[in-house]
>>> print(open('entry-v1.txt').read())   # compact mmCIF, C-alpha atoms
# COMPACT_ATOMS: atom_id res chain seq x y z
CA MET O 1 0.00 0.00 0.00
CA GLU O 2 1.31 3.45 -0.87
CA LEU O 3 -0.30 6.57 0.50
CA ARG O 4 -1.66 8.87 -2.21
CA LYS O 5 -3.60 11.68 -0.56
CA ILE O 6 -3.34 13.19 2.92
CA HIS O 7 -5.20 16.15 4.40
CA ILE O 8 -3.95 18.05 7.44
CA ILE O 9 -6.02 20.29 9.69
CA GLY O 10 -3.60 22.47 11.64
CA LEU O 11 -0.32 23.27 9.90
CA GLY O 12 1.92 23.96 12.87
CA LEU O 13 4.93 22.10 14.22
CA LEU O 14 3.46 18.57 14.33
CA GLY O 15 1.09 18.77 11.37
CA GLY O 16 3.74 20.43 9.23
CA SER O 17 6.51 18.04 10.27
CA PHE O 18 4.32 15.02 9.53
CA ALA O 19 3.60 16.42 6.06
CA LEU O 20 7.27 17.06 5.31
CA GLY O 21 8.30 13.65 6.60
CA ILE O 22 5.67 11.86 4.53
CA LYS O 23 6.60 13.86 1.42
CA LYS O 24 10.21 12.77 1.91
CA ALA O 25 9.16 9.12 2.20
CA PHE O 26 6.48 9.22 -0.50
CA PRO O 27 7.45 11.87 -3.11
CA SER O 28 4.27 11.30 -5.13
CA VAL O 29 1.86 11.87 -2.25
CA LYS O 30 -0.49 14.85 -2.56
CA ILE O 31 -1.10 16.80 0.62
CA SER O 32 -3.87 19.33 1.13
CA GLY O 33 -4.47 21.30 4.28
CA THR O 34 -6.20 24.02 6.20
CA ASP O 35 -5.46 26.24 9.19
CA ARG O 36 -7.50 28.83 11.02
CA ASN O 37 -4.60 31.27 10.58
CA PRO O 38 -4.47 32.53 6.94
CA THR O 39 -0.79 33.43 7.34
CA HIS O 40 0.00 29.86 8.32
CA LEU O 41 -1.78 28.64 5.21
CA ASP O 42 0.31 30.86 2.99
CA GLU O 43 3.50 29.79 4.79
CA ALA O 44 2.60 26.13 4.43
CA ILE O 45 2.27 26.57 0.67
CA SER O 46 5.49 28.57 0.30
CA LEU O 47 7.45 26.09 2.45
CA GLY O 48 6.17 23.11 0.47
CA ILE O 49 4.35 21.59 3.44
CA ILE O 50 1.10 21.27 1.50
CA ASP O 51 0.38 21.23 -2.20
CA LYS O 52 -2.89 23.13 -1.99
CA LYS O 53 -5.17 24.92 0.46
CA SER O 54 -8.51 23.25 1.04
CA ASP O 55 -11.08 23.40 3.83
CA ASN O 56 -12.43 20.06 2.68
CA PRO O 57 -10.31 16.98 1.96
CA PRO O 58 -10.74 15.08 -1.32
CA GLN O 59 -13.29 12.28 -1.07
CA ASP O 60 -10.60 9.65 -1.66
CA THR O 61 -8.18 10.95 0.99
CA ASP O 62 -6.25 8.15 2.69
CA ILE O 63 -5.54 9.89 6.01
CA ILE O 64 -6.76 13.08 7.66
CA ILE O 65 -4.59 14.47 10.47
CA ILE O 66 -6.04 16.83 13.09
CA ALA O 67 -3.14 18.71 14.68
CA THR O 68 -4.83 21.66 16.35
CA PRO O 69 -4.94 22.81 20.02
CA VAL O 70 -6.49 20.05 22.13
CA HIS O 71 -9.63 21.98 23.11
CA THR O 72 -10.64 22.17 19.42
CA ILE O 73 -10.02 18.53 18.51
CA SER O 74 -13.24 16.87 19.72
CA ALA O 75 -15.52 19.18 17.71
CA LEU O 76 -13.31 18.96 14.62
CA LEU O 77 -13.18 15.20 14.94
CA GLN O 78 -16.96 14.90 15.17
CA LYS O 79 -17.41 17.08 12.08
CA THR O 80 -14.70 15.29 10.12
CA LEU O 81 -16.07 11.83 10.90
CA ASP O 82 -19.54 12.98 9.86
CA GLU O 83 -18.27 13.88 6.39
CA ILE O 84 -15.65 11.28 5.43
CA GLN O 85 -15.91 8.24 3.19
CA PRO O 86 -15.55 4.72 4.69
CA GLU O 87 -12.01 4.35 3.25
CA THR O 88 -10.58 7.40 5.06
CA LEU O 89 -8.70 7.19 8.36
CA VAL O 90 -8.75 10.14 10.78
CA MET O 91 -6.00 10.63 13.38
CA ASP O 92 -5.45 13.39 15.91
CA PHE O 93 -2.07 14.40 17.35
CA GLY O 94 -3.37 15.89 20.60
CA SER O 95 -1.35 15.79 23.82
CA THR O 96 -4.38 14.54 25.73
CA LYS O 97 -6.56 11.59 24.81
CA GLU O 98 -9.15 10.66 27.44
CA GLU O 99 -11.72 13.40 26.77
CA ILE O 100 -11.27 13.14 23.01
CA CYS O 101 -11.83 9.37 23.02
CA LYS O 102 -14.92 9.79 25.22
CA ALA O 103 -16.35 12.48 22.96
CA ILE O 104 -16.47 10.22 19.89
CA SER O 105 -16.96 6.84 21.59
CA GLN O 106 -20.50 6.47 20.24
CA HIS O 107 -19.94 7.99 16.82
CA PRO O 108 -21.21 5.68 14.03
CA LYS O 109 -17.82 6.02 12.28
CA ARG O 110 -15.72 5.43 15.40
CA GLN O 111 -13.87 2.69 13.49
CA ASN O 112 -12.46 5.38 11.16
CA TYR O 113 -10.61 7.09 14.02
CA LEU O 114 -7.19 6.35 15.53
CA ALA O 115 -6.07 8.22 18.65
CA ALA O 116 -2.38 9.01 18.14
CA HIS O 117 0.24 11.12 19.90
CA PRO O 118 3.76 11.53 18.50
CA ILE O 119 6.27 12.12 21.30
CA ALA O 120 8.21 14.82 19.51
CA GLY O 121 8.38 18.56 19.46
CA THR O 122 10.35 21.73 20.03
CA GLU O 123 9.64 24.99 21.82
CA TYR O 124 8.73 26.60 18.49
CA SER O 125 5.38 26.72 16.71
CA GLY O 126 3.85 27.45 13.32
CA PRO O 127 4.67 26.10 9.85
CA ALA O 128 8.14 27.65 9.85
CA ALA O 129 9.03 25.43 12.83
CA ALA O 130 8.20 22.21 10.94
CA LEU O 131 11.08 19.81 10.28
CA PRO O 132 11.09 16.85 7.86
CA ASP O 133 12.90 14.61 10.36
CA LEU O 134 11.13 15.72 13.55
CA LEU O 135 9.13 12.48 13.80
CA LEU O 136 11.87 10.21 12.47
CA ASN O 137 12.65 7.40 14.95
CA LYS O 138 10.34 8.92 17.56
CA ILE O 139 7.71 7.16 19.68
CA MET O 140 4.09 7.18 18.50
CA ILE O 141 1.56 6.40 21.23
CA LEU O 142 -1.69 4.82 20.11
CA CYS O 143 -4.81 4.54 22.26
CA GLU O 144 -7.80 2.19 21.82
CA LEU O 145 -6.23 0.62 18.75
CA GLU O 146 -8.73 -2.24 18.85
CA LYS O 147 -11.57 0.19 18.03
CA THR O 148 -10.06 1.17 14.67
CA ASP O 149 -10.89 -0.72 11.47
CA LEU O 150 -8.17 -3.24 10.56
CA ASN O 151 -7.74 -2.04 6.96
CA LEU O 152 -7.56 1.60 8.05
CA LYS O 153 -4.94 0.77 10.68
CA ALA O 154 -2.78 -0.51 7.83
CA LYS O 155 -2.71 3.03 6.37
CA ALA O 156 -1.49 4.43 9.66
CA TYR O 157 1.22 1.79 9.95
CA GLU O 158 2.36 2.59 6.42
CA ALA O 159 3.00 6.19 7.52
CA PHE O 160 4.59 5.21 10.83
CA GLU O 161 6.93 2.69 9.20
CA ALA O 162 8.00 5.25 6.60
CA LEU O 163 9.08 7.51 9.48
CA ASN O 164 10.61 4.56 11.39
CA MET O 165 8.47 5.39 14.40
CA LYS O 166 8.37 3.20 17.50
CA ILE O 167 4.79 2.23 18.36
CA ARG O 168 3.57 2.10 21.96
CA PHE O 169 0.05 1.26 23.16
CA MET O 170 -1.68 2.92 26.11
CA GLU O 171 -5.13 3.42 27.54
CA PRO O 172 -6.31 7.05 27.25
CA HIS O 173 -6.35 7.69 31.02
CA ASP O 174 -2.88 6.23 31.52
CA HIS O 175 -1.59 8.31 28.62
CA ASP O 176 -2.94 11.56 30.09
CA ASN O 177 -1.78 10.78 33.61
CA GLN O 178 1.77 9.87 32.64
CA LEU O 179 2.10 12.78 30.18
CA ALA O 180 1.14 15.12 33.02
CA PHE O 181 4.32 14.05 34.85
CA VAL O 182 6.87 13.77 32.03
CA SER O 183 5.68 16.51 29.68
CA HIS O 184 3.07 18.86 31.05
CA LEU O 185 4.81 19.34 34.42
CA SER O 186 8.10 20.01 32.59
CA HIS O 187 6.50 22.90 30.74
CA ILE O 188 4.95 24.33 33.90
CA SER O 189 8.32 24.14 35.67
CA SER O 190 10.03 25.90 32.78
CA PHE O 191 7.39 28.63 32.56
CA MET O 192 7.51 29.30 36.29
CA LEU O 193 11.31 29.26 36.49
CA GLY O 194 11.29 31.84 33.72
CA LYS O 195 8.71 33.92 35.58
CA THR O 196 10.69 33.73 38.83
CA VAL O 197 13.82 35.06 37.14
CA LEU O 198 11.87 37.73 35.26
CA ASP O 199 10.39 38.85 38.60
CA LYS O 200 13.91 39.04 40.03
CA MET O 201 15.04 41.03 36.97
CA GLU O 202 12.70 43.87 37.96
CA ASN O 203 15.20 44.74 40.72
CA ASP O 204 18.39 43.19 39.31
CA LYS O 205 18.65 44.25 35.69
CA ASN O 206 21.89 42.35 35.03
CA ILE O 207 20.74 38.94 36.27
CA PHE O 208 20.68 37.39 32.79
CA ASN O 209 24.40 38.10 32.47
CA MET O 210 24.79 35.30 35.01
CA ALA O 211 22.65 32.85 33.04
CA GLY O 212 24.62 29.96 31.56
CA SER O 213 23.75 26.90 29.52
CA GLY O 214 22.10 25.18 32.51
CA PHE O 215 19.56 27.95 32.89
CA ALA O 216 19.01 28.14 29.13
CA SER O 217 18.31 24.41 28.81
CA THR O 218 16.01 24.36 31.85
CA VAL O 219 13.98 27.38 30.77
CA ARG O 220 13.89 26.46 27.05
CA LEU O 221 10.29 25.24 27.18
CA ALA O 222 9.13 28.61 28.50
CA LYS O 223 9.28 29.76 24.87
CA SER O 224 6.43 27.38 24.03
CA SER O 225 3.12 28.72 22.74
CA PRO O 226 0.50 29.61 25.40
CA ASP O 227 -2.15 29.12 22.67
CA MET O 228 -1.25 25.43 22.69
CA TRP O 229 -0.43 24.92 26.36
CA THR O 230 -3.32 26.68 28.08
CA PRO O 231 -5.85 24.24 26.52
CA ILE O 232 -3.64 21.29 27.56
CA MET O 233 -3.75 22.53 31.17
CA GLN O 234 -7.53 22.80 30.91
CA GLU O 235 -8.07 19.39 29.30
CA ASN O 236 -5.71 17.53 31.64
CA LYS O 237 -6.39 19.53 34.80
CA THR O 238 -6.90 16.61 37.21
CA ASN O 239 -3.74 14.74 36.21
CA ILE O 240 -1.66 17.92 36.11
CA LEU O 241 -2.80 18.84 39.62
CA GLU O 242 -1.66 15.41 40.81
CA ALA O 243 1.75 15.98 39.25
CA LEU O 244 1.97 19.54 40.57
CA ASN O 245 1.06 18.49 44.11
CA GLY O 246 3.87 15.92 44.16
CA TYR O 247 6.33 18.41 42.70
CA ILE O 248 5.38 21.15 45.17
CA LYS O 249 5.76 18.71 48.09
CA ASN O 250 9.28 17.83 46.92
CA LEU O 251 10.15 21.53 46.58
CA ILE O 252 8.84 22.25 50.08
CA ASP O 253 10.80 19.31 51.53
CA PHE O 254 13.95 20.53 49.76
CA ARG O 255 13.43 24.05 51.09
CA ASP O 256 12.86 22.75 54.63
CA ASN O 257 16.08 20.70 54.48
CA LEU O 258 17.92 23.85 53.47
CA VAL O 259 16.29 25.98 56.20
CA ASN O 260 17.26 23.38 58.80
CA ASP O 261 20.84 22.90 57.50
CA GLU O 262 20.08 19.27 56.67
CA TYR O 263 22.74 18.93 54.01
CA GLU O 264 23.10 15.17 54.25
CA GLU O 265 19.41 14.90 53.41
CA LEU O 266 19.87 17.25 50.46
CA PHE O 267 22.84 15.20 49.26
CA ASP O 268 20.82 11.97 49.50
CA LYS O 269 17.89 13.49 47.59
CA MET O 270 20.12 14.67 44.77
CA LYS O 271 22.17 11.46 44.72
CA ASN O 272 19.04 9.30 44.52
CA THR O 273 17.71 11.47 41.72
CA ASN O 274 20.90 10.96 39.69
CA GLN O 275 19.44 7.61 38.58
CA ILE O 276 17.15 9.54 36.21
CA GLY O 277 20.18 9.85 33.93
CA ASN O 278 20.51 6.10 33.61
CA ILE O 279 16.79 5.73 32.93
CA LEU O 280 16.86 8.35 30.19
CA ASP O 281 20.01 6.83 28.64
CA LEU O 282 18.25 3.45 28.43
CA LYS O 283 15.30 5.09 26.67
CA LYS O 284 17.47 6.29 23.76
>>> encode(input="entry-v1.txt", output="structure tokens")
Amino acid sequence: MELRKIHIIGLGLLGGSFALGIKKAFPSVKISGTDRNPTHLDEAISLGIIDKKSDNPPQDTDIIIIATPVHTISALLQKTLDEIQPETLVMDFGSTKEEICKAISQHPKRQNYLAAHPIAGTEYSGPAAALPDLLLNKIMILCELEKTDLNLKAKAYEAFEALNMKIRFMEPHDHDNQLAFVSHLSHISSFMLGKTVLDKMENDKNIFNMAGSGFASTVRLAKSSPDMWTPIMQENKTNILEALNGYIKNLIDFRDNLVNDEYEELFDKMKNTNQIGNILDLKK
């Protein structure tokens, strides 16, 4: 099977990178797309991300990708499923899955949908941020795979294999809960570290002269788009609060050790946390 036509709704970092990666793997594929931002549409054309602008995908489209902010996905998914032909697969790339899967659980074309989340990204957004190799060799999480039509799943696997993606399977709730800890909390930490230093800068104008590579790497995610991340916080509120509560407790314990001159305890905390390096090295 070779993919012939793909339509992308949302031409930012993930939607654009998927398009460029697929074009690299399948040079003859035709990609149409739409975006609520007219400037993004023009950029997507000029950058070669899509071949033509279109609000509606061709009737014989193989795959439709929805790569918009998570709070818009459920409504777009409902509308898209209402209008597609039986041979078209619809995937979303949202960072949350539980509410989306619930929203379309009873849709008569539920078998045409595959809940997908590529674990890839940068702190940048928009079509200009798209990279042809962003998804190459990355993990693709799939939820409720058994609810998707067998023949349509084959189209998805054709795309994933072309990008050499590593497939992982999760239940929607587990996906959202674990992403709250390893992704969503990371962004909150970065945003709030940035805010703390900006607050300090109001009185100490030269503080950024002291900032080295450690600060830059830790605060990198604070450059991420609030348009994307505010809806994620809203959609995954319960799981993010769980992650935040654990993080805040650890920060308070660390502060209390410091207040009480408990340096052996601080050493032990940091030494025990060093194992995260080994875990991340094994993941590569």
>>> residues_around(input="entry-v1.txt", residues="Met165 (chain O)", least_positions_apart="3", cutoff="12 Å", atoms="all atoms listed in the file", output="number ranges by chain")
O: 18, 21, 117-120, 133-142, 156-162, 168
>>> residues_around(input="entry-v1.txt", residues="region 41-53 of chain O", least_positions_apart="5", cutoff="10 Å", atoms="only C-alpha atoms", output="compact mmCIF listing (two decimals) with C-alpha atoms, in the coordinates of the input")
# COMPACT_ATOMS: atom_id res chain seq x y z
CA ILE O 6 -3.34 13.19 2.92
CA HIS O 7 -5.20 16.15 4.40
CA ILE O 8 -3.95 18.05 7.44
CA GLY O 10 -3.60 22.47 11.64
CA LEU O 11 -0.32 23.27 9.90
CA GLY O 12 1.92 23.96 12.87
CA GLY O 15 1.09 18.77 11.37
CA GLY O 16 3.74 20.43 9.23
CA SER O 17 6.51 18.04 10.27
CA PHE O 18 4.32 15.02 9.53
CA ALA O 19 3.60 16.42 6.06
CA LEU O 20 7.27 17.06 5.31
CA GLY O 21 8.30 13.65 6.60
CA ILE O 22 5.67 11.86 4.53
CA LYS O 23 6.60 13.86 1.42
CA VAL O 29 1.86 11.87 -2.25
CA LYS O 30 -0.49 14.85 -2.56
CA ILE O 31 -1.10 16.80 0.62
CA SER O 32 -3.87 19.33 1.13
CA GLY O 33 -4.47 21.30 4.28
CA THR O 34 -6.20 24.02 6.20
CA ASP O 35 -5.46 26.24 9.19
CA ARG O 36 -7.50 28.83 11.02
CA GLY O 126 3.85 27.45 13.32
CA PRO O 127 4.67 26.10 9.85
CA ALA O 128 8.14 27.65 9.85
CA ALA O 130 8.20 22.21 10.94
CA LEU O 131 11.08 19.81 10.28
CA PRO O 132 11.09 16.85 7.86
>>> closest_residue(input="entry-v1.txt", among="O:Asp92, O:Gly246, O:Ile188, O:Ala222", to="Ala67 (chain O)", atoms="only C-alpha atoms")
O:Asp92
>>> atom_distance(input="entry-v1.txt", atom1="CA of Gln234 (chain O)", atom2="CA of Thr96 (chain O)")
10.2 Å
>>> residues_near_point(input="entry-v1.txt", point="(-11.5, 19.7, 25.0)", cutoff="7 Å", atoms="all atoms listed in the file", output="list of chain:residue names")
O:Val70, O:His71, O:Thr72, O:Ile73, O:Ser74, O:Glu99, O:Ile100, O:Glu235
>>> closest_residue(input="entry-v1.txt", among="O:Ser125, O:Asn177, O:Gln106, O:Thr61", to="Lys147 (chain O)", atoms="only C-alpha atoms")
O:Gln106
>>> build_atoms(input="entry-v1.txt", residues="region 225-244 of chain O", atoms="N, CA and C atoms", output="CSV table (one decimal), in the coordinates of the input")
chain,number,residue,atom,x,y,z
O,225,SER,N,4.3,27.9,23.0
O,225,SER,CA,3.1,28.7,22.7
O,225,SER,C,2.0,28.6,23.8
O,226,PRO,N,1.6,29.7,24.5
O,226,PRO,CA,0.5,29.6,25.4
O,226,PRO,C,-0.8,29.2,24.7
O,227,ASP,N,-0.9,29.5,23.4
O,227,ASP,CA,-2.2,29.1,22.7
O,227,ASP,C,-2.3,27.6,22.7
O,228,MET,N,-1.2,26.9,22.7
O,228,MET,CA,-1.2,25.4,22.7
O,228,MET,C,-1.3,24.9,24.1
O,229,TRP,N,-0.6,25.5,25.0
O,229,TRP,CA,-0.4,24.9,26.4
O,229,TRP,C,-1.5,25.3,27.3
O,230,THR,N,-2.2,26.4,27.2
O,230,THR,CA,-3.3,26.7,28.1
O,230,THR,C,-4.4,25.6,27.9
O,231,PRO,N,-4.8,25.3,26.7
O,231,PRO,CA,-5.8,24.2,26.5
O,231,PRO,C,-5.4,22.9,27.1
O,232,ILE,N,-4.1,22.6,27.0
O,232,ILE,CA,-3.6,21.3,27.6
O,232,ILE,C,-3.9,21.3,29.1
O,233,MET,N,-3.5,22.4,29.7
O,233,MET,CA,-3.8,22.5,31.2
O,233,MET,C,-5.2,22.4,31.5
O,234,GLN,N,-6.1,22.9,30.7
O,234,GLN,CA,-7.5,22.8,30.9
O,234,GLN,C,-8.0,21.4,30.7
O,235,GLU,N,-7.6,20.7,29.6
O,235,GLU,CA,-8.1,19.4,29.3
O,235,GLU,C,-7.5,18.4,30.3
O,236,ASN,N,-6.3,18.6,30.8
O,236,ASN,CA,-5.7,17.5,31.6
O,236,ASN,C,-5.6,18.0,33.1
O,237,LYS,N,-6.5,18.9,33.5
O,237,LYS,CA,-6.4,19.5,34.8
O,237,LYS,C,-6.2,18.6,36.0
O,238,THR,N,-7.0,17.5,36.1
O,238,THR,CA,-6.9,16.6,37.2
O,238,THR,C,-5.5,15.9,37.3
O,239,ASN,N,-5.0,15.4,36.2
O,239,ASN,CA,-3.7,14.7,36.2
O,239,ASN,C,-2.6,15.7,36.5
O,240,ILE,N,-2.7,16.9,35.9
O,240,ILE,CA,-1.7,17.9,36.1
O,240,ILE,C,-1.6,18.4,37.6
O,241,LEU,N,-2.8,18.5,38.2
O,241,LEU,CA,-2.8,18.8,39.6
O,241,LEU,C,-2.1,17.8,40.5
O,242,GLU,N,-2.3,16.5,40.1
O,242,GLU,CA,-1.7,15.4,40.8
O,242,GLU,C,-0.1,15.6,40.7
O,243,ALA,N,0.3,15.8,39.5
O,243,ALA,CA,1.8,16.0,39.2
O,243,ALA,C,2.3,17.2,40.0
O,244,LEU,N,1.5,18.3,39.9
O,244,LEU,CA,2.0,19.5,40.6
O,244,LEU,C,2.0,19.4,42.1
